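Visitor: Structure supplied as structure_33.txt; contents: compact mmCIF, C-alpha atoms and all ligand atoms.
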# COMPACT_ATOMS: atom_id res chain seq x y z
CA MET A 1 110.21 90.37 104.74
CA THR A 2 107.27 88.85 102.89
CA VAL A 3 103.87 90.24 103.82
CA VAL A 4 100.27 89.76 102.88
CA LYS A 5 98.06 92.82 103.24
CA VAL A 6 94.53 92.23 104.49
CA ALA A 7 91.52 94.44 105.20
CA LEU A 8 88.39 93.79 107.21
CA LEU A 9 84.84 94.83 106.29
CA GLY A 10 82.79 94.93 109.51
CA PHE A 11 83.97 95.01 113.10
CA GLY A 12 81.01 93.39 114.88
CA THR A 13 80.93 89.91 116.42
CA VAL A 14 82.61 88.14 113.50
CA GLY A 15 84.96 90.96 112.43
CA GLN A 16 86.32 91.27 115.97
CA GLY A 17 86.84 87.50 116.04
CA VAL A 18 88.88 87.63 112.81
CA PHE A 19 90.93 90.53 114.15
CA GLU A 20 91.59 88.67 117.42
CA ILE A 21 92.66 85.43 115.71
CA LEU A 22 94.97 87.25 113.26
CA GLU A 23 96.50 89.36 116.05
CA ASN A 24 97.02 86.53 118.54
CA ASN A 25 98.32 83.85 116.18
CA LYS A 26 100.94 85.62 114.10
CA GLU A 27 103.55 82.89 114.43
CA THR A 28 101.18 80.09 113.43
CA LEU A 29 100.00 82.13 110.47
CA GLN A 30 103.51 82.89 109.36
CA LYS A 31 104.33 79.17 109.44
CA GLN A 32 101.21 78.31 107.47
CA ILE A 33 101.49 80.92 104.72
CA GLY A 34 105.16 81.88 104.82
CA ALA A 35 104.39 85.56 105.28
CA GLU A 36 103.46 88.14 107.86
CA VAL A 37 99.88 89.33 107.84
CA HIS A 38 99.47 93.13 107.89
CA MET A 39 96.00 94.53 108.45
CA THR A 40 95.72 97.78 106.50
CA SER A 41 92.19 99.03 107.24
CA ILE A 42 88.79 98.24 108.72
CA LEU A 43 85.51 99.34 107.15
CA VAL A 44 82.57 100.06 109.48
CA LYS A 45 79.23 101.82 109.23
CA ASN A 46 79.67 104.22 112.11
CA ILE A 47 83.20 105.58 112.44
CA ASP A 48 82.31 107.49 115.62
CA LYS A 49 81.75 104.27 117.63
CA GLN A 50 84.40 103.69 120.31
CA ARG A 51 86.60 100.72 119.36
CA ASN A 52 89.62 99.33 121.06
CA LEU A 53 91.99 99.39 118.07
CA PRO A 54 95.59 100.50 117.53
CA SER A 55 95.74 104.11 116.32
CA SER A 56 97.98 103.05 113.41
CA LEU A 57 95.05 101.13 111.89
CA ARG A 58 92.83 103.02 109.46
CA VAL A 59 89.13 102.79 110.38
CA THR A 60 86.91 104.14 107.65
CA ASP A 61 83.36 104.12 106.31
CA ARG A 62 84.58 104.49 102.70
CA MET A 63 85.29 101.38 100.61
CA GLU A 64 87.49 103.48 98.26
CA GLU A 65 89.85 104.09 101.15
CA VAL A 66 90.06 100.35 101.87
CA LEU A 67 90.91 99.61 98.22
CA GLN A 68 93.45 102.46 98.04
CA GLN A 69 95.58 100.51 100.54
CA ASN A 70 95.87 97.71 97.93
CA PRO A 71 94.97 94.76 100.16
CA ASP A 72 95.66 91.26 98.83
CA VAL A 73 92.73 89.75 100.71
CA ILE A 74 89.56 91.22 102.22
CA PHE A 75 87.56 89.57 105.01
CA GLU A 76 83.90 90.53 104.63
CA ALA A 77 81.75 90.37 107.78
CA ILE A 78 79.00 92.95 107.35
CA ASN A 79 75.28 92.24 107.26
CA GLY A 80 72.88 91.81 104.37
CA GLU A 81 72.95 91.89 100.60
CA GLU A 82 74.02 95.46 99.88
CA PRO A 83 76.44 97.17 99.95
CA ALA A 84 78.36 93.91 100.64
CA ARG A 85 77.85 92.53 97.10
CA LYS A 86 78.90 95.79 95.47
CA TYR A 87 82.03 96.08 97.64
CA ILE A 88 83.06 92.47 97.00
CA ASN A 89 82.50 92.77 93.28
CA ARG A 90 84.63 95.90 93.12
CA ALA A 91 87.40 94.22 95.10
CA LEU A 92 87.38 91.07 92.93
CA GLU A 93 87.63 93.19 89.79
CA LYS A 94 90.74 94.77 91.31
CA GLY A 95 92.25 91.29 91.81
CA VAL A 96 91.61 91.08 95.58
CA SER A 97 90.64 87.71 97.06
CA ILE A 98 87.63 87.61 99.37
CA ILE A 99 86.72 85.64 102.46
CA THR A 100 83.07 86.09 103.43
CA ALA A 101 80.70 85.08 106.24
CA ASN A 102 77.69 86.80 104.68
CA LYS A 103 75.11 84.08 103.90
CA GLU A 104 72.30 86.29 102.58
CA MET A 105 74.59 88.07 100.13
CA PHE A 106 76.31 84.83 99.08
CA ALA A 107 73.07 82.84 98.64
CA LYS A 108 71.84 85.58 96.29
CA HIS A 109 75.05 86.44 94.44
CA GLY A 110 77.54 83.63 95.10
CA ARG A 111 77.50 82.24 91.56
CA SER A 112 78.07 85.58 89.87
CA LEU A 113 80.81 86.53 92.36
CA LEU A 114 82.56 83.18 91.85
CA ASN A 115 82.49 83.82 88.10
CA THR A 116 83.96 87.30 88.60
CA ALA A 117 86.65 85.82 90.85
CA GLU A 118 87.55 83.22 88.24
CA LYS A 119 87.73 85.85 85.50
CA ASN A 120 90.11 87.93 87.62
CA GLY A 121 92.28 85.08 88.89
CA THR A 122 91.22 85.64 92.50
CA ALA A 123 89.58 83.41 95.12
CA ILE A 124 86.48 83.50 97.32
CA GLY A 125 86.29 81.55 100.58
CA TYR A 126 82.78 81.12 102.01
CA GLU A 127 83.03 78.34 104.60
CA ALA A 128 81.78 80.67 107.35
CA THR A 129 78.50 81.39 105.54
CA THR A 130 77.13 77.93 106.24
CA ALA A 131 77.24 76.38 109.73
CA SER A 132 79.89 78.85 110.92
CA GLY A 133 82.85 76.93 112.37
CA THR A 134 81.66 73.50 111.22
CA PRO A 135 83.58 72.85 107.99
CA ILE A 136 80.77 71.53 105.84
CA ILE A 137 81.72 73.44 102.68
CA GLY A 138 85.21 71.95 102.89
CA MET A 139 83.89 68.44 103.59
CA ILE A 140 81.41 68.57 100.70
CA SER A 141 83.97 70.04 98.28
CA LYS A 142 86.29 67.15 99.07
CA LEU A 143 83.58 64.52 98.72
CA LEU A 144 82.49 65.98 95.40
CA GLN A 145 85.90 65.23 93.90
CA MET A 146 84.78 61.60 93.70
CA ASN A 147 81.19 61.27 94.93
CA ARG A 148 77.84 62.30 93.56
CA ILE A 149 75.88 63.54 96.54
CA THR A 150 72.44 62.00 96.53
CA LYS A 151 70.94 63.54 99.63
CA VAL A 152 71.57 66.19 102.28
CA GLU A 153 69.73 66.64 105.57
CA ALA A 154 70.88 69.33 107.95
CA ILE A 155 70.22 71.44 110.99
CA LEU A 156 71.49 74.83 109.84
CA ASN A 157 69.98 77.28 112.30
CA GLY A 158 71.42 77.28 115.81
CA THR A 159 68.78 79.65 117.25
CA SER A 160 65.86 77.41 116.24
CA ASN A 161 67.67 74.32 117.43
CA TYR A 162 68.38 75.95 120.80
CA ILE A 163 64.71 76.90 121.23
CA LEU A 164 63.45 73.46 120.14
CA THR A 165 65.89 71.76 122.52
CA HIS A 166 64.71 73.81 125.50
CA ILE A 167 61.04 73.23 124.70
CA GLN A 168 61.46 69.47 124.26
CA GLU A 169 64.12 68.68 126.87
CA GLU A 170 63.19 71.16 129.60
CA GLY A 171 59.49 71.71 128.97
CA MET A 172 59.96 75.47 128.46
CA SER A 173 57.41 77.61 126.65
CA PHE A 174 58.36 78.95 123.21
CA GLU A 175 58.48 82.53 124.57
CA ASN A 176 60.76 81.62 127.49
CA ALA A 177 63.07 79.57 125.29
CA LEU A 178 63.32 82.49 122.84
CA SER A 179 64.03 84.97 125.66
CA LEU A 180 66.73 82.67 127.01
CA ALA A 181 68.30 82.40 123.53
CA GLN A 182 68.25 86.21 123.27
CA SER A 183 69.73 86.72 126.73
CA LYS A 184 72.59 84.37 125.86
CA GLY A 185 73.24 86.17 122.58
CA PHE A 186 72.15 83.16 120.45
CA ALA A 187 69.17 85.00 118.94
CA GLU A 188 69.00 88.46 117.40
CA VAL A 189 66.73 91.17 118.85
CA ASP A 190 64.70 90.57 115.68
CA PRO A 191 64.81 86.76 115.38
CA SER A 192 62.33 86.49 112.48
CA SER A 193 64.86 85.32 109.87
CA ASP A 194 65.88 82.43 112.17
CA LEU A 195 62.36 81.51 113.29
CA LYS A 196 60.81 81.64 109.81
CA GLY A 197 63.47 79.35 108.37
CA ILE A 198 64.96 82.08 106.13
CA ASP A 199 68.47 81.85 107.60
CA ALA A 200 68.50 78.05 107.05
CA PHE A 201 67.09 78.60 103.55
CA TYR A 202 70.00 80.89 102.55
CA LYS A 203 72.50 78.28 103.75
CA LEU A 204 70.65 75.52 101.91
CA MET A 205 70.79 77.54 98.67
CA ILE A 206 74.57 77.94 99.12
CA LEU A 207 74.83 74.15 99.52
CA SER A 208 72.66 73.57 96.45
CA GLU A 209 74.93 75.80 94.36
CA LEU A 210 78.00 73.96 95.63
CA ILE A 211 76.60 70.44 95.19
CA TYR A 212 74.51 70.77 92.03
CA GLY A 213 76.07 73.87 90.49
CA THR A 214 72.69 75.61 90.60
CA GLN A 215 69.79 76.52 92.87
CA PRO A 216 66.11 75.64 92.56
CA LYS A 217 63.78 78.58 91.83
CA TRP A 218 63.36 80.21 95.23
CA ASP A 219 59.56 80.46 94.97
CA GLN A 220 59.40 76.70 94.43
CA VAL A 221 61.25 75.88 97.66
CA SER A 222 59.02 75.16 100.60
CA CYS A 223 60.35 77.21 103.52
CA ASP A 224 58.71 76.95 106.89
CA GLY A 225 60.04 77.85 110.33
CA ILE A 226 59.26 76.91 113.92
CA SER A 227 57.19 79.85 115.20
CA HIS A 228 53.79 78.28 114.43
CA LEU A 229 54.49 75.00 116.26
CA THR A 230 52.05 74.30 119.11
CA SER A 231 52.47 72.43 122.40
CA ASN A 232 50.33 69.70 120.84
CA ASP A 233 52.90 69.20 118.06
CA PHE A 234 55.61 68.67 120.68
CA LYS A 235 53.40 66.34 122.76
CA THR A 236 52.54 64.21 119.73
CA ALA A 237 56.21 63.91 118.74
CA GLY A 238 57.27 63.17 122.34
CA ARG A 239 54.66 60.42 122.78
CA SER A 240 56.22 58.45 119.92
CA GLY A 241 59.79 59.08 121.15
CA LYS A 242 60.51 61.66 118.42
CA ARG A 243 62.08 65.13 118.50
CA ILE A 244 61.09 68.02 116.26
CA LYS A 245 64.03 69.61 114.43
CA LEU A 246 64.14 72.39 111.82
CA LEU A 247 65.36 70.27 108.95
CA ALA A 248 66.89 71.65 105.75
CA SER A 249 67.01 69.03 103.02
CA LEU A 250 68.24 68.73 99.46
CA GLU A 251 67.82 65.99 96.88
CA GLN A 252 68.01 65.74 93.12
CA HIS A 253 65.46 63.67 91.19
CA ASN A 254 65.41 63.51 87.38
CA ASN A 255 67.55 66.63 87.19
CA GLN A 256 65.17 68.50 89.46
CA ILE A 257 66.44 69.84 92.78
CA ILE A 258 64.05 69.37 95.66
CA ALA A 259 64.89 71.65 98.57
CA ARG A 260 62.92 72.15 101.77
CA VAL A 261 63.21 73.85 105.13
CA GLU A 262 60.59 72.55 107.56
CA PRO A 263 60.10 71.36 111.14
CA LYS A 264 60.16 67.59 111.12
CA ALA A 265 59.71 64.95 113.88
CA LEU A 266 62.78 62.70 113.78
CA ASP A 267 62.94 59.31 115.43
CA SER A 268 65.80 58.29 117.68
CA ASN A 269 67.75 56.43 115.01
CA HIS A 270 68.00 59.50 112.76
CA PRO A 271 71.62 60.84 112.72
CA LEU A 272 70.40 64.36 113.63
CA PHE A 273 68.07 63.28 116.50
CA SER A 274 70.57 64.03 119.25
CA VAL A 275 71.91 67.34 117.87
CA ASN A 276 70.93 69.72 120.64
CA GLY A 277 71.46 73.34 121.66
CA VAL A 278 73.02 75.85 119.24
CA ASP A 279 74.90 73.18 117.31
CA ASN A 280 74.50 72.70 113.58
CA ALA A 281 74.91 69.33 111.86
CA ILE A 282 74.74 67.88 108.40
CA MET A 283 74.16 64.41 107.03
CA VAL A 284 75.50 64.00 103.50
CA ASP A 285 74.90 60.86 101.49
CA GLY A 286 77.76 60.26 99.06
CA GLU A 287 77.53 57.80 96.16
CA PHE A 288 80.53 55.80 97.41
CA THR A 289 80.95 56.95 100.99
CA GLY A 290 77.36 56.41 102.10
CA PRO A 291 76.01 58.71 104.79
CA LEU A 292 78.43 60.97 106.70
CA THR A 293 77.48 63.24 109.58
CA LEU A 294 79.35 66.33 110.73
CA ARG A 295 78.31 68.33 113.79
CA GLY A 296 79.66 71.48 115.42
CA PRO A 297 79.15 75.14 116.33
CA GLY A 298 76.62 76.91 114.11
CA ALA A 299 77.42 80.45 115.21
CA GLY A 300 79.67 82.51 117.44
CA LYS A 301 82.57 84.93 117.23
CA LEU A 302 85.55 82.60 117.31
CA PRO A 303 84.12 79.52 115.49
CA THR A 304 82.97 81.76 112.60
CA ALA A 305 86.22 83.73 112.56
CA SER A 306 88.19 80.48 112.63
CA ALA A 307 86.39 79.28 109.49
CA MET A 308 87.30 82.57 107.78
CA VAL A 309 90.96 82.43 108.76
CA GLU A 310 91.16 78.77 107.64
CA ASP A 311 89.76 79.85 104.25
CA PHE A 312 92.35 82.63 104.15
CA ILE A 313 95.17 80.15 104.79
CA THR A 314 93.86 77.84 102.07
CA ALA A 315 93.63 80.76 99.62
CA MET A 316 97.17 81.82 100.44
CA GLN A 317 98.52 78.30 100.09
CA THR A 318 96.85 77.74 96.73
CA ARG A 319 97.21 81.22 95.23
CA PRO A 320 100.10 83.02 96.87
CA LEU A 321 99.73 86.78 96.48
CA LEU A 322 102.67 87.71 98.55
CA GLN A 323 104.56 90.96 98.33
CA THR A 324 108.10 91.44 99.48
CA ILE A 325 108.71 94.69 101.27
CA SER A 326 111.72 96.08 103.07
CA ILE A 327 111.37 97.38 106.57
N1 LIG B 401 77.43 86.21 114.38
C1 LIG B 401 77.60 84.97 113.95
O1 LIG B 401 77.72 84.02 114.75
C2 LIG B 401 77.66 84.68 112.47
C3 LIG B 401 77.91 83.38 112.04
C4 LIG B 401 78.03 83.11 110.66
C5 LIG B 401 77.88 84.16 109.77
N2 LIG B 401 77.60 85.42 110.22
C6 LIG B 401 77.48 86.50 109.22
O2 LIG B 401 78.58 87.40 109.41
C7 LIG B 401 78.21 88.74 109.08
C8 LIG B 401 78.52 89.64 110.28
O3 LIG B 401 77.78 89.18 111.40
P1 LIG B 401 78.02 89.83 112.86
O4 LIG B 401 77.26 88.98 113.81
O5 LIG B 401 79.44 90.09 113.08
O6 LIG B 401 77.25 91.23 112.69
P2 LIG B 401 77.34 92.51 113.63
O7 LIG B 401 77.84 92.14 114.97
O8 LIG B 401 76.02 93.19 113.52
O9 LIG B 401 78.46 93.43 112.93
C9 LIG B 401 78.29 93.96 111.66
C10 LIG B 401 79.45 94.88 111.34
O10 LIG B 401 79.31 95.31 109.99
C11 LIG B 401 79.38 96.74 109.95
N3 LIG B 401 78.47 97.19 108.88
C12 LIG B 401 77.15 96.94 108.75
N4 LIG B 401 76.67 97.51 107.63
C13 LIG B 401 77.71 98.16 107.07
C14 LIG B 401 77.85 98.99 105.92
N5 LIG B 401 76.83 99.26 105.11
N6 LIG B 401 79.08 99.48 105.64
C15 LIG B 401 80.13 99.25 106.44
N7 LIG B 401 80.05 98.47 107.55
C16 LIG B 401 78.85 97.96 107.86
C17 LIG B 401 78.94 97.24 111.31
O11 LIG B 401 79.49 98.53 111.53
P3 LIG B 401 79.30 99.33 112.90
O12 LIG B 401 80.20 98.60 113.90
O13 LIG B 401 79.76 100.70 112.62
O14 LIG B 401 77.85 99.20 113.26
C18 LIG B 401 79.53 96.14 112.21
O15 LIG B 401 80.86 96.45 112.54
C19 LIG B 401 76.72 88.69 108.73
O16 LIG B 401 76.59 88.64 107.34
C20 LIG B 401 76.23 87.37 109.36
O17 LIG B 401 75.16 86.79 108.67
C21 LIG B 401 77.50 85.71 111.55
Please rewrite the model in this file as structure tokens.

Guide:
Amino acid sequence: MTVVKVALLGFGTVGQGVFEILENNKETLQKQIGAEVHMTSILVKNIDKQRNLPSSLRVTDRMEEVLQQNPDVIFEAINGEEPARKYINRALEKGVSIITANKEMFAKHGRSLLNTAEKNGTAIGYEATTASGTPIIGMISKLLQMNRITKVEAILNGTSNYILTHIQEEGMSFENALSLAQSKGFAEVDPSSDLKGIDAFYKLMILSELIYGTQPKWDQVSCDGISHLTSNDFKTAGRSGKRIKLLASLEQHNNQIIARVEPKALDSNHPLFSVNGVDNAIMVDGEFTGPLTLRGPGAGKLPTASAMVEDFITAMQTRPLLQTISI
């Protein structure tokens, strides 16, 4: 039997989604990659937490133990820059391919990790870092084979979009809209990274690296969120038939990348005007294609996990790392 050994870093919202999709779709996966997927271990922070997992599966808080199992591919779904970067780097140097959802880590270290992957003949999939289950990394990568991308405008933060939608469509106060987002699990207990535009900024930097092969200097990017908006701002926009959206934009002029995250009043003929709720969307202007818009889920357990498993399938189809074992 041919198998591919995988490990999972993180067993929170996204990690559980990956586990669920791999467990419940074995036949589909086998057809797609021509091998059985065996999960060897799961890395978590707190090994004493109760988790509903088969006892045969190793749950550990030590990365060495994960690597000792010699996985072919690691799914990374933990939070923040470190120790995620260190763990991924170590795995790549051992020849393990990586699929990540971690936008902060990838915005800061994506380029260097991609270089390490190339040096070691491994792959990194990062679709899930940007707009979760909406395949904008895949769409842009394909367009870039032939098109120069002249402009990007996007809604990349579902929490802000949800709050803005409820303020503008239902007349809710900012505080009530935020509480509703939190009660539905769309906003973190500490929502500051979403509300200050930082989450959208990380995703925009990942797009800049993909599209232009580099990022602007971070201190030269204007990054503004939605928390300072007043009821007057919404009234003024509404009077002229506009809607305020947290817009992330990217353009290149004379070899200079201009990137911004800012609340902007869009009129009704803008492609992102009607993107409501927790959805994300992106408008990409290709040299030959002209403007294209893609819209879909910007967060959530299964959409994000789906993007990771799709990346895994692509990695397996393009760089088979299969082992044949006898059972
Ligand atoms: N949630 C989404 O919709 C979404 C969408 C796109 C991308 N992402 C990204 O996906 C990643 C995971 O998000 P999430 O929502 O699944 O987070 P989460 O629910 O908070 O889960 C995080 C998991 O990582 C583990 N972890 C945290 N720090 C660790 C460390 N130092 N060592 C080992 N394990 C550690 C935690 O272990 P314990 O269980 O022991 O606490 C937990 O299992 C983040 O980078 C996030 O930005 C999330």

Visitor: Residues of chain A that approach ligand LIG 401 (chain B) to 6 Å or less, counting only C-alpha atoms and all ligand atoms: could you list each one with the shortest pair of atoms and its distance in Å to one decimal, rows by chain and increasing residue number, as a Markdown table?

Guide:
| residue | atom | partner | partner_atom | distance |
| --- | --- | --- | --- | --- |
| A:Gly10 | CA | B:LIG401 | O10 | 3.5 |
| A:Phe11 | CA | B:LIG401 | O15 | 3.5 |
| A:Gly12 | CA | B:LIG401 | O9 | 3.2 |
| A:Thr13 | CA | B:LIG401 | O5 | 3.7 |
| A:Val14 | CA | B:LIG401 | O5 | 3.7 |
| A:Gly15 | CA | B:LIG401 | O5 | 5.6 |
| A:Leu43 | CA | B:LIG401 | C15 | 5.4 |
| A:Val44 | CA | B:LIG401 | N7 | 3.6 |
| A:Lys45 | CA | B:LIG401 | O13 | 3.6 |
| A:Asn46 | CA | B:LIG401 | O13 | 3.6 |
| A:Ile47 | CA | B:LIG401 | O13 | 6.0 |
| A:Asp61 | CA | B:LIG401 | C15 | 5.8 |
| A:Ala77 | CA | B:LIG401 | C7 | 4.1 |
| A:Ile78 | CA | B:LIG401 | O10 | 3.6 |
| A:Asn79 | CA | B:LIG401 | O16 | 3.8 |
| A:Gly80 | CA | B:LIG401 | O16 | 5.7 |
| A:Pro83 | CA | B:LIG401 | N5 | 5.6 |
| A:Ala101 | CA | B:LIG401 | O2 | 4.5 |
| A:Asn102 | CA | B:LIG401 | O16 | 3.4 |
| A:Lys103 | CA | B:LIG401 | O17 | 5.5 |
| A:Ala128 | CA | B:LIG401 | C4 | 5.6 |
| A:Thr129 | CA | B:LIG401 | C5 | 5.1 |
| A:Ser132 | CA | B:LIG401 | C4 | 4.7 |
| A:Ala299 | CA | B:LIG401 | O1 | 3.6 |
| A:Gly300 | CA | B:LIG401 | O1 | 3.6 |
| A:Lys301 | CA | B:LIG401 | O1 | 5.5 |
| A:Thr304 | CA | B:LIG401 | C3 | 5.3 |

Visitor: Mind dumping the selected residues with C-alpha atoms as a PDB file, keeping the file's coordinate frame?

Guide:
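part_25.pdb, written as the output of this step:
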ATOM      1  CA  GLY A  10      82.790  94.930 109.510  1.00  0.00           C
ATOM      2  CA  PHE A  11      83.970  95.010 113.100  1.00  0.00           C
ATOM      3  CA  GLY A  12      81.010  93.390 114.880  1.00  0.00           C
ATOM      4  CA  THR A  13      80.930  89.910 116.420  1.00  0.00           C
ATOM      5  CA  VAL A  14      82.610  88.140 113.500  1.00  0.00           C
ATOM      6  CA  GLY A  15      84.960  90.960 112.430  1.00  0.00           C
ATOM      7  CA  LEU A  43      85.510  99.340 107.150  1.00  0.00           C
ATOM      8  CA  VAL A  44      82.570 100.060 109.480  1.00  0.00           C
ATOM      9  CA  LYS A  45      79.230 101.820 109.230  1.00  0.00           C
ATOM     10  CA  ASN A  46      79.670 104.220 112.110  1.00  0.00           C
ATOM     11  CA  ILE A  47      83.200 105.580 112.440  1.00  0.00           C
ATOM     12  CA  ASP A  61      83.360 104.120 106.310  1.00  0.00           C
ATOM     13  CA  ALA A  77      81.750  90.370 107.780  1.00  0.00           C
ATOM     14  CA  ILE A  78      79.000  92.950 107.350  1.00  0.00           C
ATOM     15  CA  ASN A  79      75.280  92.240 107.260  1.00  0.00           C
ATOM     16  CA  GLY A  80      72.880  91.810 104.370  1.00  0.00           C
ATOM     17  CA  PRO A  83      76.440  97.170  99.950  1.00  0.00           C
ATOM     18  CA  ALA A 101      80.700  85.080 106.240  1.00  0.00           C
ATOM     19  CA  ASN A 102      77.690  86.800 104.680  1.00  0.00           C
ATOM     20  CA  LYS A 103      75.110  84.080 103.900  1.00  0.00           C
ATOM     21  CA  ALA A 128      81.780  80.670 107.350  1.00  0.00           C
ATOM     22  CA  THR A 129      78.500  81.390 105.540  1.00  0.00           C
ATOM     23  CA  SER A 132      79.890  78.850 110.920  1.00  0.00           C
ATOM     24  CA  ALA A 299      77.420  80.450 115.210  1.00  0.00           C
ATOM     25  CA  GLY A 300      79.670  82.510 117.440  1.00  0.00           C
ATOM     26  CA  LYS A 301      82.570  84.930 117.230  1.00  0.00           C
ATOM     27  CA  THR A 304      82.970  81.760 112.600  1.00  0.00           C
TER      28      THR A 304
END

Visitor: May I have the protein, DNA and RNA residues with any atom at most 10 Å from the point (91.3, 98.3, 100.9), counting all atoms listed in the file, written as a short mmCIF file (atom, residue, chain, number, x, y, z; two decimals) with C-alpha atoms, keeping the file's coordinate frame?

Guide:
data_model
loop_
_atom_site.label_atom_id
_atom_site.label_comp_id
_atom_site.auth_asym_id
_atom_site.auth_seq_id
_atom_site.Cartn_x
_atom_site.Cartn_y
_atom_site.Cartn_z
CA LYS A 5 98.06 92.82 103.24
CA VAL A 6 94.53 92.23 104.49
CA ALA A 7 91.52 94.44 105.20
CA LEU A 8 88.39 93.79 107.21
CA LEU A 9 84.84 94.83 106.29
CA MET A 39 96.00 94.53 108.45
CA THR A 40 95.72 97.78 106.50
CA SER A 41 92.19 99.03 107.24
CA ILE A 42 88.79 98.24 108.72
CA LEU A 43 85.51 99.34 107.15
CA ARG A 58 92.83 103.02 109.46
CA THR A 60 86.91 104.14 107.65
CA ARG A 62 84.58 104.49 102.70
CA MET A 63 85.29 101.38 100.61
CA GLU A 64 87.49 103.48 98.26
CA GLU A 65 89.85 104.09 101.15
CA VAL A 66 90.06 100.35 101.87
CA LEU A 67 90.91 99.61 98.22
CA GLN A 68 93.45 102.46 98.04
CA GLN A 69 95.58 100.51 100.54
CA ASN A 70 95.87 97.71 97.93
CA PRO A 71 94.97 94.76 100.16
CA ASP A 72 95.66 91.26 98.83
CA VAL A 73 92.73 89.75 100.71
CA ILE A 74 89.56 91.22 102.22
CA ALA A 91 87.40 94.22 95.10
CA VAL A 96 91.61 91.08 95.58
#

Visitor: Report the distance between atom CA of A:Lys49 and atom CA of A:Glu23 in Å, rounded to one decimal place.

Guide: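 Straight-line distance from atom CA of A:Lys49 to atom CA of A:Glu23 works out to 21.0 Å.
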
Visitor: Separation of atom CA of A:Gly110 and atom CA of A:Ile206, in Å?

Guide: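 Result for atom CA of A:Gly110 versus atom CA of A:Ile206: 7.6 Å, one decimal.
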
Visitor: Is there a way to get, as a PDB file with C-alpha atoms, in the frame of the given file, all residues within 9 Å of the point (62.1, 76.5, 98.7) in file coordinates, counting all atoms listed in the file?

Guide:
ATOM      1  CA  PHE A 201      67.090  78.600 103.550  1.00  0.00           C
ATOM      2  CA  MET A 205      70.790  77.540  98.670  1.00  0.00           C
ATOM      3  CA  PRO A 216      66.110  75.640  92.560  1.00  0.00           C
ATOM      4  CA  LYS A 217      63.780  78.580  91.830  1.00  0.00           C
ATOM      5  CA  TRP A 218      63.360  80.210  95.230  1.00  0.00           C
ATOM      6  CA  ASP A 219      59.560  80.460  94.970  1.00  0.00           C
ATOM      7  CA  GLN A 220      59.400  76.700  94.430  1.00  0.00           C
ATOM      8  CA  VAL A 221      61.250  75.880  97.660  1.00  0.00           C
ATOM      9  CA  SER A 222      59.020  75.160 100.600  1.00  0.00           C
ATOM     10  CA  CYS A 223      60.350  77.210 103.520  1.00  0.00           C
ATOM     11  CA  ASP A 224      58.710  76.950 106.890  1.00  0.00           C
ATOM     12  CA  ILE A 258      64.050  69.370  95.660  1.00  0.00           C
ATOM     13  CA  ALA A 259      64.890  71.650  98.570  1.00  0.00           C
ATOM     14  CA  ARG A 260      62.920  72.150 101.770  1.00  0.00           C
ATOM     15  CA  VAL A 261      63.210  73.850 105.130  1.00  0.00           C
TER      16      VAL A 261
END

Visitor: For A:Ser249, which of A:Ile33, A:Leu204, A:Ile167, A:Ala315 is the closest residue, counting only C-alpha atoms?

Guide: A:Leu204

Visitor: Tell me, as a PyMOL selection string, which residues lie within 8 Å of stretch 168-180 of chain A, counting only C-alpha atoms; anything in the same chain fewer than 6 positions away does not count.

Guide: chain A and resi 162+187+234+238+243

Visitor: Return the single residue from A:Ser56, A:Thr100, A:Ser208, A:Asn147 that is closest to A:Phe75, with distances computed using only C-alpha atoms.

Guide: A:Thr100

Visitor: Which residue gives the smallest distance to A:Ala117 among A:Ser141, A:Thr236, A:Asn89, A:Thr314, with only C-alpha atoms counted?

Guide: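 So, comparing all the options, the nearest one is A:Asn89.
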
Visitor: Env of A:Met139: 12 Å cut, atoms = only C-alpha atoms, seq-sep filter 3 positions within chain, self excluded. Answer as an MDAnalysis selection string.

Guide: chainID A and resid 127 130 134:136 142:145 147 149 207 210:211 282:286 292:295

Visitor: Rounded to one decimal place, report the atom CA of A:Leu246-atom CA of A:Arg111 distance in Å.

Guide: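 It comes out at 26.2 Å.
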
Visitor: List the spatial neighbours of A:Glu262 as number ranges by chain - criterion: any atom at most 12 Å away, all atoms listed in the file, same-chain residues fewer than 4 positions off excluded.

Guide: A: 153-157, 160, 195-198, 200-201, 204, 221-229, 244-250, 266

Visitor: Using only C-alpha atoms, find the one residue out of A:Leu164, A:Met146, A:Ile99, A:Val59 that sits nearest to A:Ala123.

Guide: A:Ile99

Visitor: Counting all atoms listed in the file, figure out which residue out of A:Ser306, A:Ile257, A:Asp311, A:Glu36 gets nearest to A:Gly138.

Guide: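 With all atoms listed in the file as the atom set, the closest residue is A:Asp311.
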
Visitor: Let me make sure I understand: among A:Lys108, A:Asp233, A:Phe19, A:Lys203, which one has the smallest atom-to-atom distance to A:Ile137 if we use all atoms listed in the file?

Guide: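 The closest residue to A:Ile137 is A:Lys203.
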
Visitor: For A:Leu113, list every protein, DNA or RNA residue within 10 Å, evaluated using only C-alpha atoms, and leave out those in the same chain fewer than 6 positions away; present the list as a PyMOL selection string.

Guide: chain A and resi 85-86+88-89+92-93+98+106+119+123-124
